[in-house]
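Shown below: start_20.pdb, with PDB, C-alpha atoms.
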```pdb
MODEL        1
ATOM      1  CA  MET A  21       0.253   5.058  16.668  1.00  0.00           C
ATOM      2  CA  TYR A  22      -0.837   3.020  13.689  1.00  0.00           C
ATOM      3  CA  VAL A  23       1.314   2.588  10.620  1.00  0.00           C
ATOM      4  CA  ILE A  24       0.705   1.377   7.069  1.00  0.00           C
ATOM      5  CA  MET A  25       3.879   0.610   5.126  1.00  0.00           C
ATOM      6  CA  VAL A  26       3.959  -0.078   1.387  1.00  0.00           C
ATOM      7  CA  TYR A  27       7.224  -1.035  -0.266  1.00  0.00           C
ATOM      8  CA  ASP A  28       8.256  -1.132  -3.906  1.00  0.00           C
ATOM      9  CA  LEU A  29      11.596  -2.832  -4.398  1.00  0.00           C
ATOM     10  CA  GLN A  30      13.190  -4.770  -7.210  1.00  0.00           C
ATOM     11  CA  ALA A  31      11.529  -8.188  -7.403  1.00  0.00           C
ATOM     12  CA  ASP A  32      14.530 -10.115  -6.077  1.00  0.00           C
ATOM     13  CA  ARG A  33      14.924  -7.774  -3.103  1.00  0.00           C
ATOM     14  CA  THR A  34      11.343  -7.469  -1.821  1.00  0.00           C
ATOM     15  CA  HIS A  35      11.975 -10.164   0.784  1.00  0.00           C
ATOM     16  CA  LYS A  36      14.440  -7.845   2.506  1.00  0.00           C
ATOM     17  CA  ALA A  37      11.828  -5.159   3.077  1.00  0.00           C
ATOM     18  CA  LEU A  38       9.344  -7.790   4.207  1.00  0.00           C
ATOM     19  CA  LYS A  39      11.839  -9.217   6.685  1.00  0.00           C
ATOM     20  CA  ILE A  40      12.439  -5.808   8.251  1.00  0.00           C
ATOM     21  CA  GLY A  41       8.752  -4.873   8.249  1.00  0.00           C
ATOM     22  CA  ARG A  42       7.641  -8.096   9.889  1.00  0.00           C
ATOM     23  CA  ARG A  43       9.805  -7.396  12.898  1.00  0.00           C
ATOM     24  CA  TYR A  44       7.447  -4.539  13.738  1.00  0.00           C
ATOM     25  CA  LEU A  45       4.209  -4.943  11.765  1.00  0.00           C
ATOM     26  CA  THR A  46       1.789  -7.489  10.330  1.00  0.00           C
ATOM     27  CA  HIS A  47       2.027  -8.537   6.695  1.00  0.00           C
ATOM     28  CA  VAL A  48      -1.380  -7.948   5.106  1.00  0.00           C
ATOM     29  CA  GLN A  49      -0.780  -7.990   1.345  1.00  0.00           C
ATOM     30  CA  ASN A  50       2.034  -8.622  -1.120  1.00  0.00           C
ATOM     31  CA  SER A  51       3.916  -5.398  -0.395  1.00  0.00           C
ATOM     32  CA  VAL A  52       1.881  -4.012   2.512  1.00  0.00           C
ATOM     33  CA  LEU A  53       2.321  -4.248   6.266  1.00  0.00           C
ATOM     34  CA  GLU A  54       0.425  -2.503   9.025  1.00  0.00           C
ATOM     35  CA  GLY A  55       0.048  -2.361  12.774  1.00  0.00           C
ATOM     36  CA  GLU A  56       0.395  -0.518  16.046  1.00  0.00           C
ATOM     37  CA  ILE A  57       3.952   0.598  16.661  1.00  0.00           C
ATOM     38  CA  SER A  58       5.749   2.603  19.339  1.00  0.00           C
ATOM     39  CA  GLU A  59       7.587   5.786  18.439  1.00  0.00           C
ATOM     40  CA  GLY A  60      10.885   4.093  19.226  1.00  0.00           C
ATOM     41  CA  ASP A  61      10.210   1.129  16.974  1.00  0.00           C
ATOM     42  CA  LEU A  62       8.940   3.391  14.209  1.00  0.00           C
ATOM     43  CA  LYS A  63      12.205   5.269  14.300  1.00  0.00           C
ATOM     44  CA  LYS A  64      14.142   1.998  14.019  1.00  0.00           C
ATOM     45  CA  LEU A  65      11.908   0.841  11.161  1.00  0.00           C
ATOM     46  CA  ARG A  66      12.382   4.089   9.257  1.00  0.00           C
ATOM     47  CA  ASN A  67      16.140   3.878   9.618  1.00  0.00           C
ATOM     48  CA  GLU A  68      16.340   0.244   8.538  1.00  0.00           C
ATOM     49  CA  ILE A  69      14.191   0.867   5.474  1.00  0.00           C
ATOM     50  CA  ASP A  70      16.090   3.979   4.536  1.00  0.00           C
ATOM     51  CA  ASP A  71      19.359   2.033   4.700  1.00  0.00           C
ATOM     52  CA  LEU A  72      17.964  -0.810   2.617  1.00  0.00           C
ATOM     53  CA  LEU A  73      16.685   1.045  -0.419  1.00  0.00           C
ATOM     54  CA  GLU A  74      18.606   1.213  -3.672  1.00  0.00           C
ATOM     55  CA  PRO A  75      18.044   3.690  -6.519  1.00  0.00           C
ATOM     56  CA  GLY A  76      14.627   3.276  -8.115  1.00  0.00           C
ATOM     57  CA  GLU A  77      13.143   1.638  -5.017  1.00  0.00           C
ATOM     58  CA  SER A  78      10.786   3.310  -2.577  1.00  0.00           C
ATOM     59  CA  THR A  79       8.714   2.769   0.526  1.00  0.00           C
ATOM     60  CA  ILE A  80       5.853   4.852   1.875  1.00  0.00           C
ATOM     61  CA  ILE A  81       5.153   4.858   5.600  1.00  0.00           C
ATOM     62  CA  TYR A  82       1.793   6.348   6.589  1.00  0.00           C
ATOM     63  CA  GLU A  83       1.584   7.306  10.238  1.00  0.00           C
ATOM     64  CA  LEU A  84      -1.994   7.449  11.474  1.00  0.00           C
ATOM     65  CA  SER A  85      -3.629   8.249  14.743  1.00  0.00           C
ATOM     66  CA  SER A  86      -4.683   4.917  16.223  1.00  0.00           C
ATOM     67  CA  ASP A  87      -8.421   5.297  15.726  1.00  0.00           C
ATOM     68  CA  SER A  88      -8.377   6.895  12.309  1.00  0.00           C
ATOM     69  CA  ILE A  89      -9.068   3.926  10.070  1.00  0.00           C
ATOM     70  CA  LEU A  90     -12.810   4.160   9.504  1.00  0.00           C
ATOM     71  CA  ASP A  91     -12.915   1.121   7.281  1.00  0.00           C
ATOM     72  CA  ARG A  92     -10.486  -1.395   5.876  1.00  0.00           C
ATOM     73  CA  ALA A  93     -12.012  -3.461   3.093  1.00  0.00           C
ATOM     74  CA  VAL A  94     -10.204  -6.308   1.368  1.00  0.00           C
ATOM     75  CA  TYR A  95     -11.436  -7.204  -2.105  1.00  0.00           C
ATOM     76  CA  GLY A  96     -10.522 -10.501  -3.661  1.00  0.00           C
ATOM     77  CA  GLU A  97      -8.583 -13.000  -1.629  1.00  0.00           C
ATOM     78  CA  ASP A  98      -7.154 -11.928   1.684  1.00  0.00           C
ATOM     79  CA  PRO A  99      -3.512 -12.808   1.221  1.00  0.00           C
ATOM     80  CA  THR A 100      -2.385 -12.803   4.801  1.00  0.00           C
ATOM     81  CA  GLU A 101      -0.873 -16.229   4.298  1.00  0.00           C
ATOM     82  CA  ASP A 102       2.705 -15.154   4.146  1.00  0.00           C
ATOM     83  CA  GLN A 103       4.080 -18.175   2.377  1.00  0.00           C
ATOM     84  CA  ARG A 104       2.763 -16.816  -0.908  1.00  0.00           C
ATOM     85  CA  PHE A 105       5.287 -14.016  -0.709  1.00  0.00           C
ATOM     86  CA  LEU A 106       8.460 -15.606   0.570  1.00  0.00           C
TER      87      LEU A 106
ATOM     88  CA  MET B  22     -12.962  11.142   3.296  1.00  0.00           C
ATOM     89  CA  TYR B  23      -9.436  10.106   2.452  1.00  0.00           C
ATOM     90  CA  VAL B  24      -8.645   6.753   0.890  1.00  0.00           C
ATOM     91  CA  ILE B  25      -5.481   4.706   0.421  1.00  0.00           C
ATOM     92  CA  MET B  26      -5.819   1.869  -2.078  1.00  0.00           C
ATOM     93  CA  VAL B  27      -3.224  -0.868  -2.560  1.00  0.00           C
ATOM     94  CA  TYR B  28      -3.707  -3.453  -5.277  1.00  0.00           C
ATOM     95  CA  ASP B  29      -2.047  -6.795  -5.872  1.00  0.00           C
ATOM     96  CA  LEU B  30      -2.938  -8.257  -9.250  1.00  0.00           C
ATOM     97  CA  GLN B  31      -1.189 -10.554 -11.670  1.00  0.00           C
ATOM     98  CA  ALA B  32       1.643  -8.640 -13.336  1.00  0.00           C
ATOM     99  CA  ASP B  33      -0.040  -8.402 -16.726  1.00  0.00           C
ATOM    100  CA  ARG B  34      -3.279  -7.107 -15.215  1.00  0.00           C
ATOM    101  CA  THR B  35      -2.042  -4.405 -12.820  1.00  0.00           C
ATOM    102  CA  HIS B  36      -2.681  -1.700 -15.409  1.00  0.00           C
ATOM    103  CA  LYS B  37      -6.399  -2.427 -15.165  1.00  0.00           C
ATOM    104  CA  ALA B  38      -6.510  -1.644 -11.455  1.00  0.00           C
ATOM    105  CA  LEU B  39      -4.382   1.432 -12.029  1.00  0.00           C
ATOM    106  CA  LYS B  40      -6.702   2.653 -14.763  1.00  0.00           C
ATOM    107  CA  ILE B  41      -9.740   2.362 -12.504  1.00  0.00           C
ATOM    108  CA  GLY B  42      -7.958   3.854  -9.496  1.00  0.00           C
ATOM    109  CA  ARG B  43      -6.689   6.878 -11.384  1.00  0.00           C
ATOM    110  CA  ARG B  44     -10.199   7.914 -12.261  1.00  0.00           C
ATOM    111  CA  TYR B  45     -10.722   8.708  -8.584  1.00  0.00           C
ATOM    112  CA  LEU B  46      -7.338   8.916  -6.856  1.00  0.00           C
ATOM    113  CA  THR B  47      -3.707   9.935  -7.331  1.00  0.00           C
ATOM    114  CA  HIS B  48      -1.091   7.331  -8.173  1.00  0.00           C
ATOM    115  CA  VAL B  49       1.656   7.577  -5.564  1.00  0.00           C
ATOM    116  CA  GLN B  50       3.632   4.332  -5.849  1.00  0.00           C
ATOM    117  CA  ASN B  51       3.767   1.218  -8.003  1.00  0.00           C
ATOM    118  CA  SER B  52       0.559  -0.326  -6.654  1.00  0.00           C
ATOM    119  CA  VAL B  53      -0.683   2.475  -4.392  1.00  0.00           C
ATOM    120  CA  LEU B  54      -3.151   5.294  -4.970  1.00  0.00           C
ATOM    121  CA  GLU B  55      -4.574   7.786  -2.513  1.00  0.00           C
ATOM    122  CA  GLY B  56      -6.721  10.871  -2.289  1.00  0.00           C
ATOM    123  CA  GLU B  57      -9.872  12.608  -1.162  1.00  0.00           C
ATOM    124  CA  ILE B  58     -12.981  10.910  -2.483  1.00  0.00           C
ATOM    125  CA  SER B  59     -16.714  11.394  -2.093  1.00  0.00           C
ATOM    126  CA  GLU B  60     -18.872   8.616  -0.706  1.00  0.00           C
ATOM    127  CA  GLY B  61     -20.514   8.184  -4.087  1.00  0.00           C
ATOM    128  CA  ASP B  62     -17.242   7.833  -5.941  1.00  0.00           C
ATOM    129  CA  LEU B  63     -15.891   5.472  -3.295  1.00  0.00           C
ATOM    130  CA  LYS B  64     -18.873   3.231  -3.818  1.00  0.00           C
ATOM    131  CA  LYS B  65     -18.229   3.219  -7.584  1.00  0.00           C
ATOM    132  CA  LEU B  66     -14.548   2.520  -7.032  1.00  0.00           C
ATOM    133  CA  ARG B  67     -15.288  -0.395  -4.703  1.00  0.00           C
ATOM    134  CA  ASN B  68     -17.688  -1.920  -7.201  1.00  0.00           C
ATOM    135  CA  GLU B  69     -15.326  -1.568 -10.147  1.00  0.00           C
ATOM    136  CA  ILE B  70     -12.441  -3.106  -8.239  1.00  0.00           C
ATOM    137  CA  ASP B  71     -14.568  -5.925  -6.940  1.00  0.00           C
ATOM    138  CA  ASP B  72     -15.695  -6.728 -10.478  1.00  0.00           C
ATOM    139  CA  LEU B  73     -12.140  -6.652 -11.793  1.00  0.00           C
ATOM    140  CA  LEU B  74     -10.426  -9.067  -9.453  1.00  0.00           C
ATOM    141  CA  GLU B  75      -9.658 -12.643 -10.396  1.00  0.00           C
ATOM    142  CA  PRO B  76      -8.807 -15.495  -8.010  1.00  0.00           C
ATOM    143  CA  GLY B  77      -5.535 -14.889  -6.197  1.00  0.00           C
ATOM    144  CA  GLU B  78      -5.718 -11.119  -6.653  1.00  0.00           C
ATOM    145  CA  SER B  79      -6.618  -8.630  -3.971  1.00  0.00           C
ATOM    146  CA  THR B  80      -6.999  -4.955  -3.215  1.00  0.00           C
ATOM    147  CA  ILE B  81      -7.144  -3.217   0.142  1.00  0.00           C
ATOM    148  CA  ILE B  82      -9.015   0.064   0.462  1.00  0.00           C
ATOM    149  CA  TYR B  83      -8.333   1.992   3.676  1.00  0.00           C
ATOM    150  CA  GLU B  84     -10.929   4.609   4.440  1.00  0.00           C
ATOM    151  CA  LEU B  85      -9.589   7.313   6.720  1.00  0.00           C
ATOM    152  CA  SER B  86     -11.002  10.431   8.276  1.00  0.00           C
ATOM    153  CA  SER B  87      -9.611  13.307   6.247  1.00  0.00           C
ATOM    154  CA  ASP B  88      -7.219  14.681   8.845  1.00  0.00           C
ATOM    155  CA  SER B  89      -5.951  11.395  10.203  1.00  0.00           C
ATOM    156  CA  ILE B  90      -2.662  11.037   8.367  1.00  0.00           C
ATOM    157  CA  LEU B  91      -0.171  12.385  10.869  1.00  0.00           C
ATOM    158  CA  ASP B  92       2.792  11.792   8.624  1.00  0.00           C
ATOM    159  CA  ARG B  93       3.453  10.378   5.183  1.00  0.00           C
ATOM    160  CA  ALA B  94       7.123   9.696   4.594  1.00  0.00           C
ATOM    161  CA  VAL B  95       8.517   8.465   1.300  1.00  0.00           C
ATOM    162  CA  TYR B  96      11.855   6.672   1.446  1.00  0.00           C
ATOM    163  CA  GLY B  97      13.906   6.162  -1.658  1.00  0.00           C
ATOM    164  CA  GLU B  98      12.723   7.716  -4.865  1.00  0.00           C
ATOM    165  CA  ASP B  99       9.279   9.223  -5.001  1.00  0.00           C
ATOM    166  CA  PRO B 100       7.773   7.364  -7.918  1.00  0.00           C
ATOM    167  CA  THR B 101       4.885   9.639  -8.688  1.00  0.00           C
ATOM    168  CA  GLU B 102       6.014   9.719 -12.289  1.00  0.00           C
ATOM    169  CA  ASP B 103       3.362   7.434 -13.642  1.00  0.00           C
ATOM    170  CA  GLN B 104       5.112   6.474 -16.829  1.00  0.00           C
ATOM    171  CA  ARG B 105       7.270   4.050 -14.844  1.00  0.00           C
ATOM    172  CA  PHE B 106       4.223   1.923 -14.196  1.00  0.00           C
ATOM    173  CA  LEU B 107       2.304   1.909 -17.425  1.00  0.00           C
TER     174      LEU B 107
ENDMDL
END
```
Take the structure in the file and give it back as structure tokens.
Amino acid sequence: MYVIMVYDLQADRTHKALKIGRRYLTHVQNSVLEGEISEGDLKKLRNEIDDLLEPGESTIIYELSSDSILDRAVYGEDPTEDQRFL
Amino acid sequence: MYVIMVYDLQADRTHKALKIGRRYLTHVQNSVLEGEISEGDLKKLRNEIDDLLEPGESTIIYELSSDSILDRAVYGEDPTEDQRFL
């Protein structure tokens, strides 16, 4: 299946969510990762994120059927260069 | 169709993307909006966002078939209370 993950953590902790997410997905924007993932890995990802979050922080994981993205348009600069966000 | 929009603007300009997005979609997390949208409104939204962005800023708009979200899990606090982000 295909997953889009968007995290919203305190500024000095965002790198922790990114580190977890990048083990399974591709970093596509500041706080967004996406990619194909197995059910087993998705379960691990969910657990790791759930353990990470502190009060006031959140993460949304959208689980999509693999062919369901009709269009994915990036406006502005495509910030897939990860060094901006480390 | 169903749209997920994730914006990444300079901190003091995020409210502008939110203001545009909320005319068409529902604010579900810090920099994320989603919802059903007509093709006409999606075209307007794309144009307004494209006009707004400055160098170094970006926005991703995922266009999905309406029934393609298999699961949408929120971890941590569900920050749909917009006042946090104004």
Among listed residues A:Glu59, A:Ala31, A:Leu38, A:Ser51, nearest chain B (using only C-alpha atoms):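 With only C-alpha atoms as the atom set, the closest residue is A:Ser51.
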Fit chain B to chain A, using all C-alpha atoms paired in sequence order for the least-squares superposition, and then show me the result as a PDB file with C-alpha atoms, keeping the file's coordinate frame.
```pdb
ATOM      1  CA  MET B  22       0.262   5.045  16.654  1.00  0.00           C
ATOM      2  CA  TYR B  23      -0.840   2.990  13.691  1.00  0.00           C
ATOM      3  CA  VAL B  24       1.321   2.579  10.614  1.00  0.00           C
ATOM      4  CA  ILE B  25       0.712   1.367   7.066  1.00  0.00           C
ATOM      5  CA  MET B  26       3.879   0.598   5.120  1.00  0.00           C
ATOM      6  CA  VAL B  27       3.970  -0.090   1.382  1.00  0.00           C
ATOM      7  CA  TYR B  28       7.233  -1.049  -0.270  1.00  0.00           C
ATOM      8  CA  ASP B  29       8.264  -1.138  -3.904  1.00  0.00           C
ATOM      9  CA  LEU B  30      11.621  -2.819  -4.401  1.00  0.00           C
ATOM     10  CA  GLN B  31      13.201  -4.767  -7.212  1.00  0.00           C
ATOM     11  CA  ALA B  32      11.552  -8.187  -7.402  1.00  0.00           C
ATOM     12  CA  ASP B  33      14.546 -10.097  -6.073  1.00  0.00           C
ATOM     13  CA  ARG B  34      14.934  -7.755  -3.103  1.00  0.00           C
ATOM     14  CA  THR B  35      11.352  -7.469  -1.814  1.00  0.00           C
ATOM     15  CA  HIS B  36      11.985 -10.164   0.787  1.00  0.00           C
ATOM     16  CA  LYS B  37      14.456  -7.848   2.501  1.00  0.00           C
ATOM     17  CA  ALA B  38      11.843  -5.158   3.071  1.00  0.00           C
ATOM     18  CA  LEU B  39       9.365  -7.788   4.196  1.00  0.00           C
ATOM     19  CA  LYS B  40      11.850  -9.218   6.671  1.00  0.00           C
ATOM     20  CA  ILE B  41      12.447  -5.815   8.246  1.00  0.00           C
ATOM     21  CA  GLY B  42       8.762  -4.882   8.229  1.00  0.00           C
ATOM     22  CA  ARG B  43       7.643  -8.097   9.882  1.00  0.00           C
ATOM     23  CA  ARG B  44       9.798  -7.404  12.889  1.00  0.00           C
ATOM     24  CA  TYR B  45       7.450  -4.538  13.723  1.00  0.00           C
ATOM     25  CA  LEU B  46       4.224  -4.949  11.747  1.00  0.00           C
ATOM     26  CA  THR B  47       1.802  -7.509  10.323  1.00  0.00           C
ATOM     27  CA  HIS B  48       2.035  -8.539   6.688  1.00  0.00           C
ATOM     28  CA  VAL B  49      -1.366  -7.951   5.107  1.00  0.00           C
ATOM     29  CA  GLN B  50      -0.767  -7.991   1.344  1.00  0.00           C
ATOM     30  CA  ASN B  51       2.038  -8.625  -1.122  1.00  0.00           C
ATOM     31  CA  SER B  52       3.927  -5.399  -0.399  1.00  0.00           C
ATOM     32  CA  VAL B  53       1.884  -4.012   2.500  1.00  0.00           C
ATOM     33  CA  LEU B  54       2.329  -4.251   6.258  1.00  0.00           C
ATOM     34  CA  GLU B  55       0.431  -2.509   9.020  1.00  0.00           C
ATOM     35  CA  GLY B  56       0.053  -2.374  12.764  1.00  0.00           C
ATOM     36  CA  GLU B  57       0.403  -0.539  16.039  1.00  0.00           C
ATOM     37  CA  ILE B  58       3.956   0.594  16.661  1.00  0.00           C
ATOM     38  CA  SER B  59       5.740   2.594  19.332  1.00  0.00           C
ATOM     39  CA  GLU B  60       7.585   5.771  18.435  1.00  0.00           C
ATOM     40  CA  GLY B  61      10.885   4.091  19.212  1.00  0.00           C
ATOM     41  CA  ASP B  62      10.217   1.122  16.975  1.00  0.00           C
ATOM     42  CA  LEU B  63       8.945   3.380  14.203  1.00  0.00           C
ATOM     43  CA  LYS B  64      12.200   5.273  14.296  1.00  0.00           C
ATOM     44  CA  LYS B  65      14.139   1.994  14.005  1.00  0.00           C
ATOM     45  CA  LEU B  66      11.912   0.838  11.168  1.00  0.00           C
ATOM     46  CA  ARG B  67      12.383   4.095   9.260  1.00  0.00           C
ATOM     47  CA  ASN B  68      16.145   3.884   9.617  1.00  0.00           C
ATOM     48  CA  GLU B  69      16.352   0.257   8.528  1.00  0.00           C
ATOM     49  CA  ILE B  70      14.192   0.870   5.480  1.00  0.00           C
ATOM     50  CA  ASP B  71      16.093   3.976   4.535  1.00  0.00           C
ATOM     51  CA  ASP B  72      19.362   2.049   4.707  1.00  0.00           C
ATOM     52  CA  LEU B  73      17.976  -0.792   2.615  1.00  0.00           C
ATOM     53  CA  LEU B  74      16.700   1.063  -0.414  1.00  0.00           C
ATOM     54  CA  GLU B  75      18.604   1.231  -3.671  1.00  0.00           C
ATOM     55  CA  PRO B  76      18.042   3.714  -6.513  1.00  0.00           C
ATOM     56  CA  GLY B  77      14.633   3.282  -8.110  1.00  0.00           C
ATOM     57  CA  GLU B  78      13.139   1.650  -5.017  1.00  0.00           C
ATOM     58  CA  SER B  79      10.786   3.309  -2.587  1.00  0.00           C
ATOM     59  CA  THR B  80       8.712   2.765   0.515  1.00  0.00           C
ATOM     60  CA  ILE B  81       5.859   4.848   1.869  1.00  0.00           C
ATOM     61  CA  ILE B  82       5.156   4.849   5.594  1.00  0.00           C
ATOM     62  CA  TYR B  83       1.794   6.337   6.591  1.00  0.00           C
ATOM     63  CA  GLU B  84       1.590   7.290  10.227  1.00  0.00           C
ATOM     64  CA  LEU B  85      -1.984   7.434  11.457  1.00  0.00           C
ATOM     65  CA  SER B  86      -3.645   8.236  14.733  1.00  0.00           C
ATOM     66  CA  SER B  87      -4.677   4.904  16.200  1.00  0.00           C
ATOM     67  CA  ASP B  88      -8.421   5.252  15.726  1.00  0.00           C
ATOM     68  CA  SER B  89      -8.385   6.874  12.317  1.00  0.00           C
ATOM     69  CA  ILE B  90      -9.070   3.913  10.064  1.00  0.00           C
ATOM     70  CA  LEU B  91     -12.802   4.145   9.511  1.00  0.00           C
ATOM     71  CA  ASP B  92     -12.919   1.111   7.286  1.00  0.00           C
ATOM     72  CA  ARG B  93     -10.490  -1.414   5.872  1.00  0.00           C
ATOM     73  CA  ALA B  94     -12.015  -3.468   3.090  1.00  0.00           C
ATOM     74  CA  VAL B  95     -10.213  -6.311   1.363  1.00  0.00           C
ATOM     75  CA  TYR B  96     -11.433  -7.218  -2.111  1.00  0.00           C
ATOM     76  CA  GLY B  97     -10.509 -10.502  -3.681  1.00  0.00           C
ATOM     77  CA  GLU B  98      -8.589 -12.993  -1.631  1.00  0.00           C
ATOM     78  CA  ASP B  99      -7.167 -11.921   1.683  1.00  0.00           C
ATOM     79  CA  PRO B 100      -3.522 -12.788   1.239  1.00  0.00           C
ATOM     80  CA  THR B 101      -2.431 -12.771   4.833  1.00  0.00           C
ATOM     81  CA  GLU B 102      -0.935 -16.197   4.310  1.00  0.00           C
ATOM     82  CA  ASP B 103       2.654 -15.106   4.190  1.00  0.00           C
ATOM     83  CA  GLN B 104       4.038 -18.141   2.454  1.00  0.00           C
ATOM     84  CA  ARG B 105       2.715 -16.783  -0.845  1.00  0.00           C
ATOM     85  CA  PHE B 106       5.230 -13.978  -0.659  1.00  0.00           C
ATOM     86  CA  LEU B 107       8.395 -15.551   0.613  1.00  0.00           C
TER      87      LEU B 107
END
```
Given the PyMOL selection byres ((chain A and resi 21) around 9), the residues it picks as an MDAnalysis selection string: chainID A and resid 22:23 55:59 83:87
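Going from CA of Thr80 (chain B) over to CA of Gly41 (chain A), you cover 19.5 Å.
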Distance-based interface of chain A with chain B, 7 Å, counting only C-alpha atoms, as a ChimeraX atom specification: /A:28,50,70,73,75-85,88-98
CA of Lys39 (chain A) to CA of Lys63 (chain A), straight-line distance in Å: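 Distance between the two atoms: 16.4 Å.
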Atomic separation - CA of Leu65 (chain A) relative to CA of Arg42 (chain A), Å: 10.0 Å
Set up a box along x, y and z of the file covering all listed atoms of region 37-44 of chain B, add 4 Å on every one of the six sides, and write the centre and edge lengths in Å to one decimal, as AutoDock Vina command-line options.
```
--center_x -7.3 --center_y 2.7 --center_z -12.3 --size_x 13.8 --size_y 18.3 --size_z 13.7
```
